[in-house]
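S.K.: Following this line is work_20.tsv, made up of TSV, C-alpha atoms:
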chain	number	residue	atom	x	y	z
A	33	SER	CA	34.23	-16.90	70.99
A	34	LEU	CA	37.34	-14.83	71.63
A	35	ASP	CA	40.97	-15.88	71.89
A	36	TYR	CA	43.84	-13.61	72.94
A	37	LYS	CA	47.57	-14.25	73.30
A	38	PRO	CA	49.30	-11.29	74.98
A	39	THR	CA	52.69	-13.04	75.22
A	40	PRO	CA	54.24	-16.17	73.68
A	41	ARG	CA	53.77	-17.97	77.01
A	42	LEU	CA	50.32	-16.75	78.04
A	43	SER	CA	47.03	-17.20	76.20
A	44	PHE	CA	43.36	-16.65	77.03
A	45	SER	CA	40.23	-18.08	75.45
A	46	SER	CA	36.52	-17.62	76.01
A	47	GLU	CA	33.25	-18.68	74.45
A	48	GLY	CA	29.58	-18.21	75.19
A	49	ALA	CA	26.16	-18.91	73.75
A	50	TYR	CA	22.44	-18.39	74.26
A	51	ILE	CA	20.40	-21.18	72.68
A	52	ILE	CA	16.66	-21.80	72.35
A	53	ASP	CA	15.73	-25.18	70.88
A	54	ASN	CA	13.21	-28.02	71.00
A	55	ARG	CA	15.36	-30.88	69.77
A	56	ARG	CA	14.94	-34.38	71.14
A	57	ASP	CA	18.61	-35.19	70.49
A	58	ASP	CA	20.16	-32.20	72.28
A	59	GLN	CA	22.33	-34.39	74.48
A	60	VAL	CA	22.49	-37.70	72.62
A	61	ASP	CA	26.13	-37.20	71.62
A	62	GLU	CA	27.21	-36.18	75.13
A	63	THR	CA	25.05	-38.10	77.63
A	64	GLY	CA	22.85	-40.47	75.62
A	65	VAL	CA	19.69	-38.78	76.93
A	66	VAL	CA	16.70	-38.39	74.57
A	67	PHE	CA	13.83	-36.05	75.49
A	68	GLU	CA	10.39	-35.20	74.28
A	69	ASN	CA	10.02	-32.06	72.19
A	70	VAL	CA	10.17	-29.47	74.94
A	71	GLU	CA	11.60	-25.98	74.66
A	72	ARG	CA	14.90	-25.44	76.43
A	73	LYS	CA	16.66	-22.12	76.93
A	74	ARG	CA	20.37	-22.40	77.70
A	75	TRP	CA	23.01	-19.90	78.74
A	76	GLU	CA	26.56	-21.23	78.61
A	77	GLY	CA	30.00	-19.69	79.03
A	78	LEU	CA	33.61	-20.81	79.31
A	79	VAL	CA	36.81	-18.91	80.11
A	80	ALA	CA	40.27	-20.46	80.13
A	81	ALA	CA	43.93	-19.48	80.43
A	82	ASP	CA	47.12	-21.35	79.56
A	83	TYR	CA	50.61	-20.44	80.73
A	84	LYS	CA	53.90	-22.11	79.75
A	85	LEU	CA	56.11	-22.28	82.83
A	86	SER	CA	59.04	-23.50	80.75
A	87	GLU	CA	59.80	-25.50	77.64
A	88	LEU	CA	58.77	-28.63	79.59
A	89	ALA	CA	55.85	-27.56	81.81
A	90	ALA	CA	52.55	-25.71	81.45
A	91	VAL	CA	49.48	-24.97	83.56
A	92	ASN	CA	45.90	-24.28	82.50
A	93	LEU	CA	42.91	-22.88	84.35
A	94	PHE	CA	39.26	-22.84	83.28
A	95	GLY	CA	35.83	-21.84	84.56
A	96	ARG	CA	32.46	-22.95	83.15
A	97	TYR	CA	28.86	-21.86	83.67
A	98	GLU	CA	25.62	-23.29	82.23
A	99	ASN	CA	21.98	-22.58	82.95
A	100	ASP	CA	19.17	-24.66	81.41
A	101	ASP	CA	15.53	-23.55	81.69
A	102	TYR	CA	12.76	-25.91	80.50
A	103	GLU	CA	9.32	-24.68	79.52
A	104	ASP	CA	6.32	-26.07	81.44
A	105	ARG	CA	8.50	-28.25	83.61
A	106	GLN	CA	5.70	-28.57	86.18
A	107	GLN	CA	3.47	-30.31	83.62
A	108	ARG	CA	6.24	-32.55	82.26
A	109	SER	CA	7.61	-34.85	84.97
A	110	GLY	CA	11.32	-35.45	84.79
A	111	PHE	CA	12.27	-32.15	83.16
A	112	SER	CA	14.26	-30.29	85.77
A	113	ASP	CA	16.11	-27.00	85.35
A	114	LEU	CA	19.85	-27.18	85.94
A	115	GLU	CA	22.51	-24.62	86.85
A	116	THR	CA	26.13	-25.73	86.56
A	117	LYS	CA	29.15	-23.76	87.71
A	118	GLY	CA	32.72	-24.68	88.48
A	119	GLY	CA	36.22	-24.95	87.12
A	120	GLY	CA	39.50	-26.76	87.20
A	121	LEU	CA	43.28	-26.53	87.20
A	122	GLY	CA	45.61	-28.65	85.09
A	123	TYR	CA	49.36	-29.22	84.93
A	124	THR	CA	51.40	-30.96	82.23
A	125	HIS	CA	55.10	-31.77	82.21
A	126	LEU	CA	57.18	-33.26	79.41
A	127	LEU	CA	58.96	-36.42	80.57
A	128	PRO	CA	62.32	-37.12	78.92
A	129	VAL	CA	61.90	-40.88	79.24
A	130	PHE	CA	61.10	-41.91	75.68
A	131	GLN	CA	62.18	-40.73	72.26
A	132	ARG	CA	58.60	-39.65	71.46
A	133	PRO	CA	56.76	-36.92	73.42
A	134	THR	CA	55.37	-38.18	76.75
A	135	TYR	CA	53.60	-35.88	79.21
A	136	PHE	CA	52.68	-36.23	82.86
A	137	ARG	CA	49.16	-34.90	83.50
A	138	LEU	CA	47.56	-33.66	86.72
A	139	ASN	CA	44.00	-32.29	86.89
A	140	ALA	CA	41.85	-31.08	89.77
A	141	GLY	CA	38.47	-29.38	89.79
A	142	TYR	CA	35.18	-28.56	91.46
A	143	PHE	CA	31.61	-28.27	90.12
A	144	ASN	CA	28.25	-27.42	91.65
A	145	PHE	CA	25.16	-28.95	90.01
A	146	ASP	CA	21.91	-27.33	91.15
A	147	TYR	CA	18.64	-29.04	90.11
A	148	ASP	CA	15.10	-28.12	91.16
A	149	THR	CA	15.04	-30.84	93.84
A	150	ALA	CA	18.72	-31.67	94.38
A	151	GLU	CA	22.12	-30.01	94.65
A	152	THR	CA	25.51	-31.72	94.36
A	153	ASP	CA	29.06	-30.53	95.02
A	154	TYR	CA	31.60	-32.54	93.01
A	155	TYR	CA	35.38	-32.63	93.57
A	156	TYR	CA	37.88	-34.61	91.50
A	157	LEU	CA	41.62	-35.24	91.14
A	158	THR	CA	43.21	-37.27	88.35
A	159	MET	CA	46.79	-38.15	87.43
A	160	GLY	CA	48.09	-39.83	84.34
A	161	ALA	CA	50.11	-39.53	81.18
A	162	SER	CA	49.76	-38.97	77.45
A	163	ALA	CA	52.20	-40.31	74.87
A	164	GLU	CA	52.78	-40.67	71.16
A	165	ILE	CA	53.32	-44.40	70.77
A	166	SER	CA	54.27	-44.05	67.11
A	167	GLU	CA	53.68	-41.75	64.17
A	168	LYS	CA	50.09	-42.99	63.98
A	169	TYR	CA	49.13	-43.93	67.54
A	170	ALA	CA	48.66	-41.77	70.65
A	171	ILE	CA	47.29	-42.70	74.06
A	172	VAL	CA	46.00	-40.91	77.17
A	173	ILE	CA	45.54	-42.61	80.55
A	174	GLU	CA	44.20	-40.85	83.65
A	175	ALA	CA	42.75	-42.00	86.97
A	176	GLY	CA	42.07	-40.63	90.43
A	177	PRO	CA	39.61	-40.16	93.30
A	178	ARG	CA	36.43	-38.11	93.34
A	179	TYR	CA	34.01	-36.98	96.05
A	180	THR	CA	30.37	-35.90	95.86
A	181	ASP	CA	28.20	-34.27	98.51
A	182	SER	CA	24.48	-34.07	97.71
A	183	ASP	CA	21.36	-32.58	99.27
A	184	TYR	CA	18.08	-33.83	97.81
A	185	ASP	CA	14.36	-33.80	98.54
A	186	VAL	CA	12.74	-36.94	99.97
A	187	ALA	CA	9.09	-37.81	100.41
A	188	ARG	CA	7.88	-39.22	103.75
A	189	ARG	CA	4.43	-40.18	104.97
A	190	GLU	CA	3.56	-38.65	108.32
A	191	ASP	CA	0.10	-38.84	109.90
A	192	GLY	CA	-1.44	-39.99	106.66
A	193	ARG	CA	0.01	-37.20	104.52
A	194	VAL	CA	3.10	-36.86	102.37
A	195	VAL	CA	5.80	-34.52	103.68
A	196	ILE	CA	8.80	-33.36	101.61
A	197	GLY	CA	12.04	-33.23	103.58
A	198	GLU	CA	15.74	-33.02	102.75
A	199	GLU	CA	18.53	-35.57	103.14
A	200	ASN	CA	22.27	-35.49	102.62
A	201	ALA	CA	24.44	-38.12	100.98
A	202	SER	CA	28.20	-38.13	100.43
A	203	ASN	CA	30.16	-40.61	98.39
A	204	TRP	CA	33.79	-41.37	97.51
A	205	GLY	CA	34.63	-43.05	94.23
A	206	GLY	CA	37.01	-43.11	91.32
A	207	ASN	CA	37.30	-41.51	87.89
A	208	GLY	CA	39.26	-42.83	84.97
A	209	LEU	CA	39.98	-42.42	81.26
A	210	VAL	CA	41.75	-44.51	78.63
A	211	ASN	CA	41.85	-42.95	75.16
A	212	LEU	CA	43.57	-44.47	72.10
A	213	VAL	CA	43.81	-42.44	68.88
A	214	TYR	CA	44.91	-43.61	65.42
A	215	THR	CA	45.76	-41.10	62.68
A	216	GLY	CA	46.39	-42.55	59.22
A	217	GLU	CA	46.50	-41.19	55.71
A	218	LYS	CA	42.85	-42.01	54.96
A	219	THR	CA	41.54	-43.54	58.18
A	220	ASN	CA	41.28	-41.94	61.61
A	221	TRP	CA	39.68	-43.47	64.69
A	222	GLU	CA	39.39	-42.92	68.41
A	223	LEU	CA	38.53	-45.52	71.05
A	224	ALA	CA	37.87	-44.33	74.60
A	225	LEU	CA	36.62	-45.75	77.90
A	226	SER	CA	35.81	-43.37	80.76
A	227	ARG	CA	34.04	-43.16	84.11
A	228	ASP	CA	32.96	-39.88	85.67
A	229	VAL	CA	30.21	-38.06	87.55
A	230	THR	CA	27.94	-36.07	85.23
A	231	ALA	CA	24.80	-33.98	85.50
A	232	SER	CA	22.53	-34.48	82.51
A	233	SER	CA	20.33	-31.52	81.70
A	234	GLY	CA	16.61	-32.19	82.17
A	235	GLU	CA	17.10	-35.03	84.63
A	236	THR	CA	16.74	-34.68	88.41
A	237	GLN	CA	20.13	-35.66	89.84
A	238	THR	CA	23.77	-36.35	89.10
A	239	VAL	CA	24.80	-39.83	87.99
A	240	GLU	CA	27.89	-42.00	87.83
A	241	GLN	CA	28.46	-42.53	84.13
A	242	THR	CA	30.56	-45.12	82.30
A	243	GLU	CA	31.05	-44.47	78.59
A	244	LEU	CA	32.56	-46.50	75.75
A	245	LYS	CA	33.11	-44.57	72.52
A	246	LEU	CA	34.26	-45.42	69.00
A	247	ASP	CA	34.68	-42.57	66.50
A	248	LEU	CA	35.71	-43.76	63.01
A	249	ASN	CA	36.41	-41.64	59.92
A	250	ASN	CA	37.46	-42.94	56.52
A	251	ARG	CA	38.15	-41.03	53.28
A	252	TRP	CA	37.50	-43.37	50.34
A	253	THR	CA	38.16	-40.85	47.56
A	254	TRP	CA	38.76	-37.12	47.39
A	255	GLU	CA	34.99	-36.56	47.21
A	256	TRP	CA	33.60	-39.39	49.38
A	257	SER	CA	34.11	-40.00	53.10
A	258	THR	CA	32.23	-41.86	55.84
A	259	HIS	CA	31.90	-41.31	59.56
A	260	LEU	CA	30.68	-43.75	62.21
A	261	LEU	CA	30.02	-42.77	65.83
A	262	LEU	CA	29.22	-45.44	68.42
A	263	ARG	CA	28.70	-44.47	72.07
A	264	TYR	CA	27.47	-46.65	74.91
A	265	PHE	CA	26.44	-44.97	78.17
A	266	TYR	CA	25.66	-46.63	81.49
A	267	LYS	CA	24.33	-44.35	84.24
A	268	SER	CA	23.56	-45.23	87.85
A	269	SER	CA	22.64	-43.39	91.05
A	270	ASP	CA	21.15	-44.46	94.39
A	271	ARG	CA	18.65	-42.13	96.05
A	272	ASP	CA	16.51	-43.97	98.60
A	273	ASN	CA	13.07	-42.44	99.23
A	274	SER	CA	13.73	-39.44	96.98
A	275	GLU	CA	11.28	-38.13	94.41
A	276	ALA	CA	13.83	-38.89	91.70
A	277	GLY	CA	14.33	-42.50	92.79
A	278	ASP	CA	17.20	-44.70	91.68
A	279	ILE	CA	18.68	-44.44	88.20
A	280	ASP	CA	19.93	-47.53	86.40
A	281	GLU	CA	19.89	-47.13	82.62
A	282	ASP	CA	21.99	-47.64	79.54
A	283	THR	CA	21.90	-46.04	76.11
A	284	LEU	CA	23.45	-46.98	72.77
A	285	VAL	CA	24.04	-44.21	70.23
A	286	PHE	CA	24.66	-45.24	66.59
A	287	GLN	CA	25.29	-42.49	64.02
A	288	PRO	CA	26.53	-43.36	60.52
A	289	ARG	CA	27.19	-40.52	58.08
A	290	VAL	CA	28.24	-40.15	54.45
A	291	ARG	CA	29.86	-36.97	53.14
A	292	TYR	CA	30.24	-35.97	49.49
Would you mind writing the structure in this file as structure tokens?
M.R.:
Amino acid sequence: SLDYKPTPRLSFSSEGAYIIDNRRDDQVDETGVVFENVERKRWEGLVAADYKLSELAAVNLFGRYENDDYEDRQQRSGFSDLETKGGGLGYTHLLPVFQRPTYFRLNAGYFNFDYDTAETDYYYLTMGASAEISEKYAIVIEAGPRYTDSDYDVARREDGRVVIGEENASNWGGNGLVNLVYTGEKTNWELALSRDVTASSGETQTVEQTELKLDLNNRWTWEWSTHLLLRYFYKSSDRDNSEAGDIDEDTLVFQPRVRY
């Protein structure tokens, strides 16, 4: 990772990684997906820039690239390579409407998800606000439209044999996020509900994902602390006659931890 701030108003950041692993829980925290023990090679990179237009307004720009390569994917059905590329633009503006800091938020972006048998272009726009309700509570609310355009392989039977063709599907929908954060002296927690389009690595297509998350931390003494992470994922996608088929699944992630 590398961060650079040439002026008080302008800052740049970047990070990258090359990872080889065989872990079943690679994506449990992010997408709820659990795999078999299969080797995955991943390239990932992120570049971002932030610029303060004034004391009240700022813009940020980012670009992201990921490439996942699974070993022996032909012998393991369901493990599909994925290349992700895209970026977004954000704008925040301080609103002098309350005594505590309140920001207007505007975000727009585009991503291309390229699987072995499907490719999806994803566009989104969200508007909302973030505010400090009190010294301990903060909230973020965002919502807006999104659009996906997908090309995917379909299997048809013609003259007694199976033929692989290609179909196109486009879909309008909505994205949203509600995030409530509590920061206390010994207890911190975050409760969030979101809906978005995601592309889980190793699967065969993008999905509409609804997620409910609870992240709870408590320090009992100076030496002892506990952490509880609960995440519920619901993923759905309709692909008639495609090799991937329809997706309709939910996952519950439960991770308790003790730290000494």
S.K.: With a distance cut-off of 8 Å and only C-alpha atoms, select the neighbouring residues of Glu198 (chain A), excluding the residue or stretch itself and same-chain residues fewer than 4 positions from it, and output the selection as a list in words.
M.R.: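 Near Glu198 (chain A), the qualifying residues are Asp183, Tyr184, Asp185 and Val186 of chain A.
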S.K.: Suppose you want the space between CA of Tyr264 (chain A) and CA of Val285 (chain A); what is it in Å?
M.R.: 6.3 Å
S.K.: Taking all atoms listed in the file into account, which of A:Ala231, A:Ala170, A:Ala150, A:Ala49 comes nearest Thr215 (chain A)?
M.R.: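 Between A:Ala231, A:Ala170, A:Ala150, A:Ala49, the residue approaching Thr215 (chain A) most closely is A:Ala170.
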S.K.: Would you work out the distance separating CA of Asp148 (chain A) from CA of Asn200 (chain A), expressed in Å to one decimal?
M.R.: 15.4 Å
S.K.: Using all atoms listed in the file, determine which residues lie at most 7 Å from Arg137 (chain A), disregarding the query and same-chain residues fewer than 3 positions distant; provide the list as a PyMOL selection string.
M.R.: chain A and resi 123-125+159-161
S.K.: Using all atoms listed in the file, which residue out of A:Thr180, A:Thr152, A:Gln131, A:Ser232 lies closest to Trp204 (chain A)?
M.R.: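 Answer, going by the shortest atom-to-atom distance: A:Thr180.
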S.K.: To one decimal place, how far is CA of Leu261 (chain A) from CA of Gly122 (chain A) in Å?
M.R.: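 Interatomic distance, CA of Leu261 (chain A) to CA of Gly122 (chain A): 28.5 Å.
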S.K.: Could you give me, as a VMD selection string, the residues that sit within 12 Å of (49.5, -23.1, 81.8) in the file's coordinates, counting all atoms listed in the file?
M.R.: chain A and resid 40 to 44 80 to 94 120 to 125 137 to 139
S.K.: Any chance you could model N, CA, C and O atoms for region 143-154 of chain A and send them as a short mmCIF file (atom, residue, chain, number, x, y, z; two decimals), in the coordinates of the input?
M.R.:
data_model
loop_
_atom_site.label_atom_id
_atom_site.label_comp_id
_atom_site.auth_asym_id
_atom_site.auth_seq_id
_atom_site.Cartn_x
_atom_site.Cartn_y
_atom_site.Cartn_z
N PHE A 143 32.82 -28.71 90.79
CA PHE A 143 31.61 -28.27 90.12
C PHE A 143 30.44 -28.35 91.09
O PHE A 143 30.39 -29.22 91.97
N ASN A 144 29.51 -27.42 90.90
CA ASN A 144 28.25 -27.42 91.65
C ASN A 144 27.11 -27.61 90.66
O ASN A 144 26.97 -26.83 89.71
N PHE A 145 26.30 -28.66 90.87
CA PHE A 145 25.16 -28.95 90.01
C PHE A 145 23.89 -28.70 90.82
O PHE A 145 23.63 -29.40 91.81
N ASP A 146 23.09 -27.74 90.39
CA ASP A 146 21.91 -27.33 91.15
C ASP A 146 20.65 -27.62 90.34
O ASP A 146 20.33 -26.92 89.38
N TYR A 147 19.92 -28.70 90.72
CA TYR A 147 18.64 -29.04 90.11
C TYR A 147 17.50 -28.42 90.91
O TYR A 147 17.72 -27.78 91.96
N ASP A 148 16.27 -28.63 90.43
CA ASP A 148 15.10 -28.12 91.16
C ASP A 148 14.96 -28.78 92.52
O ASP A 148 14.56 -28.15 93.50
N THR A 149 15.27 -30.09 92.60
CA THR A 149 15.04 -30.84 93.84
C THR A 149 16.31 -31.46 94.40
O THR A 149 16.23 -32.28 95.32
N ALA A 150 17.47 -31.09 93.89
CA ALA A 150 18.72 -31.67 94.38
C ALA A 150 19.87 -30.74 94.05
O ALA A 150 19.83 -29.99 93.07
N GLU A 151 20.91 -30.80 94.88
CA GLU A 151 22.12 -30.01 94.65
C GLU A 151 23.33 -30.86 95.03
O GLU A 151 23.35 -31.49 96.09
N THR A 152 24.34 -30.88 94.17
CA THR A 152 25.51 -31.72 94.36
C THR A 152 26.79 -30.90 94.19
O THR A 152 26.93 -30.16 93.21
N ASP A 153 27.71 -31.06 95.14
CA ASP A 153 29.06 -30.53 95.02
C ASP A 153 29.98 -31.68 94.63
O ASP A 153 29.97 -32.74 95.27
N TYR A 154 30.78 -31.47 93.60
CA TYR A 154 31.60 -32.54 93.01
C TYR A 154 33.06 -32.09 92.96
O TYR A 154 33.38 -31.04 92.41
#
